[in-house]
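Containing mmCIF, C-alpha atoms: my_file11.cif.
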```cif
data_upload
#
loop_
_atom_site.label_atom_id
_atom_site.label_comp_id
_atom_site.auth_asym_id
_atom_site.auth_seq_id
_atom_site.Cartn_x
_atom_site.Cartn_y
_atom_site.Cartn_z
CA MET A 48 3.89 -24.21 -13.95
CA ARG A 49 3.90 -20.86 -15.73
CA THR A 50 1.21 -22.14 -18.07
CA HIS A 51 -0.90 -23.20 -15.09
CA LEU A 52 -0.63 -19.74 -13.52
CA LYS A 53 -1.28 -18.05 -16.86
CA ASN A 54 -4.53 -20.00 -17.17
CA LEU A 55 -5.50 -18.90 -13.67
CA ILE A 56 -4.79 -15.28 -14.59
CA GLN A 57 -7.09 -15.62 -17.60
CA THR A 58 -9.94 -16.58 -15.28
CA ILE A 59 -9.10 -13.74 -12.88
CA VAL A 60 -9.40 -11.12 -15.62
CA THR A 61 -12.49 -12.57 -17.34
CA GLY A 62 -14.35 -14.84 -14.91
CA SER A 63 -17.39 -14.38 -12.71
CA PRO A 64 -16.87 -13.29 -9.08
CA THR A 65 -17.37 -16.89 -7.93
CA GLU A 66 -14.85 -18.20 -10.44
CA VAL A 67 -12.35 -15.51 -9.51
CA ARG A 68 -12.56 -16.30 -5.79
CA ALA A 69 -11.95 -19.98 -6.49
CA VAL A 70 -8.94 -19.20 -8.67
CA GLN A 71 -7.49 -16.78 -6.11
CA LYS A 72 -7.51 -19.65 -3.62
CA GLN A 73 -5.63 -21.77 -6.16
CA VAL A 74 -2.98 -19.06 -6.49
CA GLU A 75 -2.57 -19.05 -2.71
CA LYS A 76 -2.36 -22.84 -2.71
CA PHE A 77 0.33 -22.69 -5.40
CA TRP A 78 2.36 -20.36 -3.19
CA HIS A 79 2.19 -22.75 -0.23
CA ASP A 80 2.47 -26.06 -2.09
CA TYR A 81 4.98 -25.18 -4.80
CA TYR A 82 6.73 -21.88 -4.13
CA ILE A 83 7.63 -22.59 -0.49
CA PRO A 84 9.41 -25.92 -1.18
CA HIS A 85 10.84 -24.76 -4.54
CA ARG A 86 11.70 -21.09 -4.04
CA GLU A 87 13.67 -20.37 -7.20
CA ASP A 88 11.41 -22.31 -9.58
CA GLY A 89 8.36 -20.92 -7.80
CA ARG A 90 9.64 -17.37 -8.15
CA LYS A 91 10.20 -17.87 -11.86
CA ALA A 92 6.68 -19.27 -12.22
CA PHE A 93 5.14 -16.30 -10.38
CA GLN A 94 6.88 -13.92 -12.77
CA VAL A 95 4.05 -14.64 -15.21
CA PHE A 96 2.06 -12.10 -13.16
CA LEU A 97 4.80 -9.57 -13.79
CA ASP A 98 4.61 -10.32 -17.51
CA GLU A 99 0.88 -9.60 -17.42
CA LEU A 100 1.35 -6.04 -16.16
CA LYS A 101 1.77 -4.81 -19.73
CA ASN A 102 -1.76 -6.07 -20.46
CA PHE A 103 -3.35 -4.51 -17.38
CA ASP A 104 -5.02 -1.65 -19.23
CA GLN A 105 -6.62 -4.15 -21.61
CA ILE A 106 -8.48 -5.94 -18.80
CA LYS A 107 -12.14 -5.53 -19.66
CA ASP A 108 -13.43 -3.56 -16.66
CA ILE A 109 -12.53 -2.00 -13.32
CA ASN A 110 -13.83 -4.94 -11.30
CA HIS A 111 -11.56 -7.41 -13.08
CA GLN A 112 -8.63 -5.02 -12.85
CA ALA A 113 -9.23 -4.92 -9.10
CA TYR A 114 -9.48 -8.73 -8.98
CA PHE A 115 -6.07 -8.93 -10.64
CA ILE A 116 -4.45 -6.49 -8.22
CA ASN A 117 -6.06 -8.20 -5.23
CA THR A 118 -4.44 -11.48 -6.30
CA LEU A 119 -0.94 -9.98 -6.32
CA LYS A 120 -0.23 -10.73 -2.65
CA TRP A 121 1.44 -14.04 -3.46
CA PRO A 122 3.35 -12.94 -6.60
CA LEU A 123 4.60 -9.88 -4.70
CA LEU A 124 5.84 -11.95 -1.78
CA ALA A 125 7.57 -14.30 -4.23
CA THR A 126 9.07 -11.81 -6.69
CA GLY A 127 8.95 -8.42 -4.96
CA GLU A 128 12.58 -8.32 -3.91
CA LYS A 129 13.91 -9.56 -7.24
CA ASN A 130 11.67 -7.31 -9.35
CA PHE A 131 11.01 -4.42 -7.00
CA GLU A 132 11.41 -1.66 -9.59
CA GLU A 133 8.88 -3.16 -12.02
CA TRP A 134 6.29 -3.59 -9.28
CA ALA A 135 6.98 -0.10 -7.94
CA ASP A 136 6.36 1.39 -11.38
CA PHE A 137 3.02 -0.43 -11.56
CA ILE A 138 2.02 0.81 -8.11
CA LEU A 139 3.03 4.41 -8.81
CA ALA A 140 1.07 4.41 -12.06
CA ASN A 141 -2.11 2.90 -10.64
CA ILE A 142 -2.29 4.75 -7.35
CA GLN A 143 -3.20 7.61 -9.71
CA ASN A 144 -6.06 5.63 -11.29
CA PRO A 145 -9.38 7.53 -11.39
CA SER A 146 -11.13 4.54 -9.79
CA GLY A 147 -11.17 4.44 -6.00
CA LYS A 148 -11.55 0.66 -6.18
CA ILE A 149 -8.28 0.36 -8.10
CA ARG A 150 -6.47 2.73 -5.76
CA GLN A 151 -7.63 0.81 -2.69
CA ALA A 152 -6.41 -2.45 -4.23
CA VAL A 153 -3.04 -0.84 -4.98
CA ILE A 154 -2.70 0.34 -1.38
CA ARG A 155 -3.28 -3.21 -0.14
CA ALA A 156 -0.85 -4.67 -2.68
CA THR A 157 1.89 -2.22 -1.71
CA GLU A 158 1.91 -3.64 1.80
CA TYR A 159 2.99 -7.03 0.43
CA LEU A 160 5.65 -5.48 -1.79
CA ILE A 161 7.23 -3.79 1.22
CA MET A 162 6.76 -6.90 3.35
CA GLY A 163 8.63 -8.96 0.75
CA ILE A 164 11.91 -7.04 0.91
CA GLN A 165 14.50 -7.35 3.67
CA VAL A 166 15.43 -3.99 5.18
CA ASP A 167 16.49 -4.96 8.69
CA LEU A 168 19.87 -6.47 9.51
CA LYS A 169 18.31 -8.08 12.59
CA CYS A 170 16.65 -10.60 10.27
CA PHE A 171 20.05 -12.16 9.67
CA GLY A 172 22.06 -13.87 12.38
CA LYS A 173 22.68 -12.93 15.97
CA LYS A 174 23.56 -9.51 17.28
CA GLY A 175 27.26 -8.79 17.01
CA LYS A 176 27.82 -11.49 14.40
CA LYS A 177 29.50 -10.22 11.25
CA LEU A 178 27.28 -10.63 8.22
CA ALA A 179 28.38 -11.60 4.74
CA SER A 180 29.02 -8.63 2.48
CA ASP A 181 26.38 -9.75 -0.03
CA ILE A 182 23.68 -9.67 2.68
CA VAL A 183 24.77 -6.21 3.78
CA ASP A 184 24.61 -5.07 0.15
CA ILE A 185 21.09 -6.49 -0.27
CA ILE A 186 19.88 -4.68 2.84
CA ALA A 187 21.43 -1.41 1.67
CA LYS A 188 19.87 -1.81 -1.78
CA ASN A 189 16.44 -2.54 -0.32
CA ARG A 190 16.59 0.42 2.04
CA LYS A 191 17.32 2.66 -0.92
CA ARG A 192 14.45 1.09 -2.84
CA PHE A 193 12.16 1.75 0.09
CA GLY A 194 13.30 5.35 0.37
CA ASP A 195 12.93 5.88 -3.37
CA ILE A 196 9.32 4.71 -3.49
CA VAL A 197 8.34 6.82 -0.47
CA MET A 198 9.93 9.87 -2.07
CA ASP A 199 8.22 9.11 -5.39
CA VAL A 200 4.85 9.00 -3.62
CA GLU A 201 5.63 12.24 -1.81
CA ASP A 202 6.44 13.82 -5.18
CA LEU A 203 3.00 12.71 -6.39
CA VAL A 204 1.45 14.22 -3.27
CA ASP A 205 3.03 17.54 -4.22
CA ARG A 206 1.82 17.17 -7.80
CA TYR A 207 -1.79 16.46 -6.84
CA PHE A 208 -1.99 19.04 -4.09
CA GLU A 209 -4.59 21.77 -4.57
CA SER A 210 -5.13 24.84 -2.45
CA LYS A 211 -8.60 23.58 -1.47
CA PHE A 212 -6.93 20.79 0.53
CA LYS A 213 -5.39 23.30 2.95
CA LYS A 214 -8.55 23.43 5.03
CA TYR A 215 -8.32 19.71 5.87
CA LYS A 216 -6.24 19.08 8.96
CA TYR A 217 -6.26 15.28 8.78
CA VAL A 218 -5.90 12.73 6.00
CA SER A 219 -9.18 11.12 7.04
CA SER A 220 -11.02 14.38 6.34
CA LEU A 221 -9.81 14.72 2.75
CA PRO A 222 -12.33 14.20 -0.05
CA ALA A 223 -12.08 10.88 -1.89
CA GLY A 224 -9.61 11.04 -4.75
CA VAL A 225 -6.03 10.46 -5.82
CA TYR A 226 -4.60 12.95 -3.33
CA LYS A 227 -6.26 11.21 -0.39
CA SER A 228 -5.19 7.77 -1.63
CA LEU A 229 -1.58 8.92 -1.92
CA ASN A 230 -1.62 10.16 1.66
CA ILE A 231 -3.23 6.94 2.90
CA LEU A 232 -0.59 4.94 1.02
CA ILE A 233 2.09 6.69 3.02
CA THR A 234 0.43 6.92 6.42
CA ASP A 235 -1.16 3.44 6.41
CA VAL A 236 1.48 1.43 4.55
CA LEU A 237 4.83 3.00 3.76
CA LEU A 238 5.36 4.96 6.98
CA ARG A 239 2.85 3.14 9.15
CA SER A 240 5.23 2.66 12.08
CA GLU A 241 8.31 4.15 13.70
CA PHE A 242 10.26 1.21 12.25
CA TYR A 243 9.70 2.40 8.68
CA GLN A 244 9.75 6.09 9.55
CA LYS A 245 13.28 5.68 10.88
CA PHE A 246 14.44 3.99 7.68
CA TYR A 247 13.03 6.82 5.63
CA GLN A 248 14.56 9.47 7.86
CA ASP A 249 17.93 7.73 7.54
CA TYR A 250 17.45 7.71 3.77
CA LEU A 251 16.76 11.46 3.74
CA ASN A 252 19.74 12.12 5.99
CA GLU A 253 21.98 10.19 3.62
CA LEU A 254 20.67 12.16 0.66
CA ARG A 255 21.39 15.40 2.49
CA ALA A 256 24.92 14.24 3.17
CA ASN A 257 25.60 13.07 -0.38
CA ARG A 258 23.70 15.59 -2.49
CA LYS A 259 24.70 19.21 -2.48
CA GLY A 260 21.65 21.44 -2.37
CA PHE A 261 19.26 18.56 -1.61
CA LYS A 262 15.91 19.74 -0.26
CA PRO A 263 13.61 17.40 1.70
CA PRO A 264 9.97 17.00 0.62
CA LYS A 265 7.73 20.00 1.26
CA ILE A 266 5.13 17.94 3.11
CA THR A 267 6.27 15.96 6.12
CA LEU A 268 3.94 12.98 6.02
CA VAL A 269 5.42 11.53 9.18
CA ASP A 270 3.77 14.48 10.92
CA ILE A 271 0.47 13.59 9.25
CA TRP A 272 0.78 10.02 10.53
CA GLU A 273 1.45 11.26 14.05
CA LYS A 274 -1.55 13.60 13.91
CA ARG A 275 -3.74 10.76 12.72
CA GLN A 276 -2.65 8.63 15.67
CA GLU A 277 -3.45 11.54 17.97
CA ILE A 278 -6.97 12.10 16.64
CA GLU A 279 -7.79 8.38 16.60
CA THR A 280 -6.77 8.17 20.26
CA LYS A 281 -9.03 11.12 21.09
CA LEU A 282 -11.87 9.54 19.12
CA LEU A 283 -11.52 6.29 21.07
CA ASP A 284 -11.65 8.25 24.31
CA LEU A 285 -14.80 10.04 23.12
CA ILE A 286 -16.49 6.75 22.22
CA ASP A 287 -15.70 5.35 25.67
CA ALA A 288 -16.81 8.51 27.46
CA THR A 289 -20.16 8.69 25.65
CA ASN A 290 -20.88 4.94 25.68
CA SER A 291 -21.70 5.29 21.99
CA VAL A 292 -23.38 2.43 20.14
CA LEU A 293 -20.93 3.08 17.31
CA LYS A 294 -17.69 1.15 17.24
CA PHE A 295 -14.37 2.70 16.25
CA ASP A 296 -14.21 0.56 13.09
CA ASP A 297 -17.69 1.78 12.09
CA ILE A 298 -16.49 5.37 12.16
CA LYS A 299 -13.29 4.57 10.28
CA ASP A 300 -15.33 2.80 7.62
CA ILE A 301 -17.51 5.89 7.15
CA ILE A 302 -14.43 8.11 6.84
CA TYR A 303 -12.24 5.93 4.63
CA ASN A 304 -14.72 4.06 2.45
CA GLU A 305 -14.44 5.49 -1.05
CA ALA A 306 -17.07 3.30 -2.67
CA GLY A 307 -19.45 5.31 -4.81
CA ASN A 308 -19.45 8.96 -5.80
CA ASP A 309 -22.30 10.31 -3.69
CA SER A 310 -20.44 12.90 -1.63
CA ILE A 311 -23.69 14.30 -0.20
CA LYS A 312 -24.61 10.89 1.18
CA LYS A 313 -21.11 10.47 2.63
CA SER A 314 -21.25 13.89 4.29
CA SER A 315 -24.62 13.00 5.78
CA LEU A 316 -23.21 9.78 7.22
CA ILE A 317 -20.38 11.68 8.88
CA LEU A 318 -22.82 14.23 10.35
CA ILE A 319 -24.99 11.40 11.68
CA THR A 320 -21.89 9.84 13.23
CA VAL A 321 -20.98 13.05 15.05
CA ARG A 322 -24.54 13.51 16.30
CA MET A 323 -24.69 9.94 17.58
CA LEU A 324 -21.45 10.43 19.47
CA LYS A 325 -22.76 13.62 21.06
CA SER A 326 -26.16 12.18 21.94
#
```

Have the structure of the file written as C-alpha cells, please.
Amino acid sequence: MRTHLKNLIQTIVTGSPTEVRAVQKQVEKFWHDYYIPHREDGRKAFQVFLDELKNFDQIKDINHQAYFINTLKWPLLATGEKNFEEWADFILANIQNPSGKIRQAVIRATEYLIMGIQVDLKCFGKKGKKLASDIVDIIAKNRKRFGDIVMDVEDLVDRYFESKFKKYKYVSSLPAGVYKSLNILITDVLLRSEFYQKFYQDYLNELRANRKGFKPPKITLVDIWEKRQEIETKLLDLIDATNSVLKFDDIKDIIYNEAGNDSIKKSSLILITVRMLKS
C-alpha cells in the first residue's frame, strides 16, 4: 500500500494538472476504501506522505509544491494526531514561504491537522461518565500541542511585524505577504471560533500559573478575530442597505486573494468595490 501511495505522490509532484487531479481523487478514495476499514494499517500507509516532507524543497516548481500540500487533507486526517509535531514543523516552515500560493495551501492544510486531533472531552462518552486515564492524557497532550502551535505562529507574527503595518486596523487590509498569511492562519483557522479561543486562553492561563515570569504574546490575535467579525457584519449591513450588485464573497475575494503581484491592480479593484457600494 505504501508503494501505491508513493507512486501517486510521484505523479502529484511531476504530473500535468489533469493527471494530478485524477491522482488526488485516488488518494481520497484510498482514505475511504482502505484507511477507514483498516485504521492502523491505513495510517502506516499514509505516513509515506510524511516521509516525503524531506523532499519537499526538491519538488520542481511552486505549482507542484502546492499540489502536494493540497493533497495532504487525507494524510493529515489519518496521521495528524500520531505525528503532530512533524506536521507542525512543516506548516511553520512553509507558512513563511515567499509564494502566496504555497502559504494559502498551508493555511488550508492546517485546518485538517487541527481537525484530526481530539481536544474536547465531550467527544468521549456521556457527560458525568468517568473517562479512562489514557483518554484524558491524550486530550491534555493535544490541547498542549494546539496551544504550542498557536504560540509558535504568534511568535512568527512578532518576528515579521514591521512598523508600516501599524496603520492597518484589520487583517483584511494588510498587504499580501507572510505577515498577512500568519494572521489569517490564526484568525481563520487556529482561533476561528470561541471553541478554540477558549482552549488557547486556558493554555495561556496554565502557562502563567506554571511559569514564573511568563509573559503572554504582545499581539492579542483573538481581538483581531473579533474585530474582523465586527467589520464583516457592518459590511453585510452596508451591502443590504445599498442593494449592491456585489456579493459579500466577491468583496472577500478581492481582499484576500493573493494571486499575482500587481498591487496597483489590487488597489484599483478595492477602490472600485467601495465606489460600487456607495453608488

Nearest to Leu160 of chain A among A:Lys76, A:His85, A:Lys216, A:Lys120, with distances taken over all atoms listed in the file: which residue is it? A:Lys120

Where does the PyMOL selection byres ((chain A and resi 78) around 9) land in this file, that is, which residues does it pick, as a ChimeraX atom specification? /A:73-77,79-83,89,93,121-122,125

Who sits within 7 Å of Glu128 of chain A, all atoms listed in the file, same chain under 3 positions skipped, as a ChimeraX atom specification: /A:131,163-164

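The list of residues with at least one atom within 8 Å of segment 96-113 of chain A, based on only C-alpha atoms and without residues fewer than 6 positions apart in the same chain, reads Lys53, Ile56, Ile59, Val60, Thr61, Leu119, Pro122, Glu133, Trp134, Phe137, Ser146, Lys148, Ile149 and Ala152 of chain A.
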
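Distances from A:Glu87, A:Asn117, A:Val70, A:Lys211 to Arg155 of chain A were compared using all atoms listed in the file, and the smallest one belongs to A:Asn117.
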
Given all atoms listed in the file as the basis, pick out the residue of A:Gln248, A:Gln143, A:Gln94, A:Thr234 nearest to Leu124 of chain A.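 For Leu124 of chain A, the nearest of the candidates is A:Gln94.
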
Picked residues, the PyMOL selection byres ((chain A and resi 185-193) around 8), expected as a ChimeraX atom specification: /A:128,131-132,161,164-168,181-184,194-197,246-247,250

Rank A:Thr50, A:Gln71, A:Ser219, A:Asn144 by their smallest atom-to-atom distance to Tyr114 of chain A, using only C-alpha atoms, and report the top residue only. A:Gln71

In Å to one decimal, how far is atom CA of Leu203 of chain A from atom CA of Val225 of chain A? 9.3 Å

Please, what distance in Å, to one decimal, runs between atom CA of Asn130 of chain A and atom CA of Asp199 of chain A?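 About the pair atom CA of Asn130 of chain A and atom CA of Asp199 of chain A: they are 17.2 Å apart.
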
The residue from A:Tyr159, A:Leu229, A:Ala69, A:Pro64 with the smallest atom-to-atom distance to Ile142 of chain A, counting all atoms listed in the file, is A:Leu229

Within 10 Å of (-3.8, 5.5, 0.8) (file coordinates; all atoms listed in the file), which protein or nucleic acid residues are there? I'd like them as number ranges by chain. A: 142, 150-155, 157, 218-219, 224-237, 303
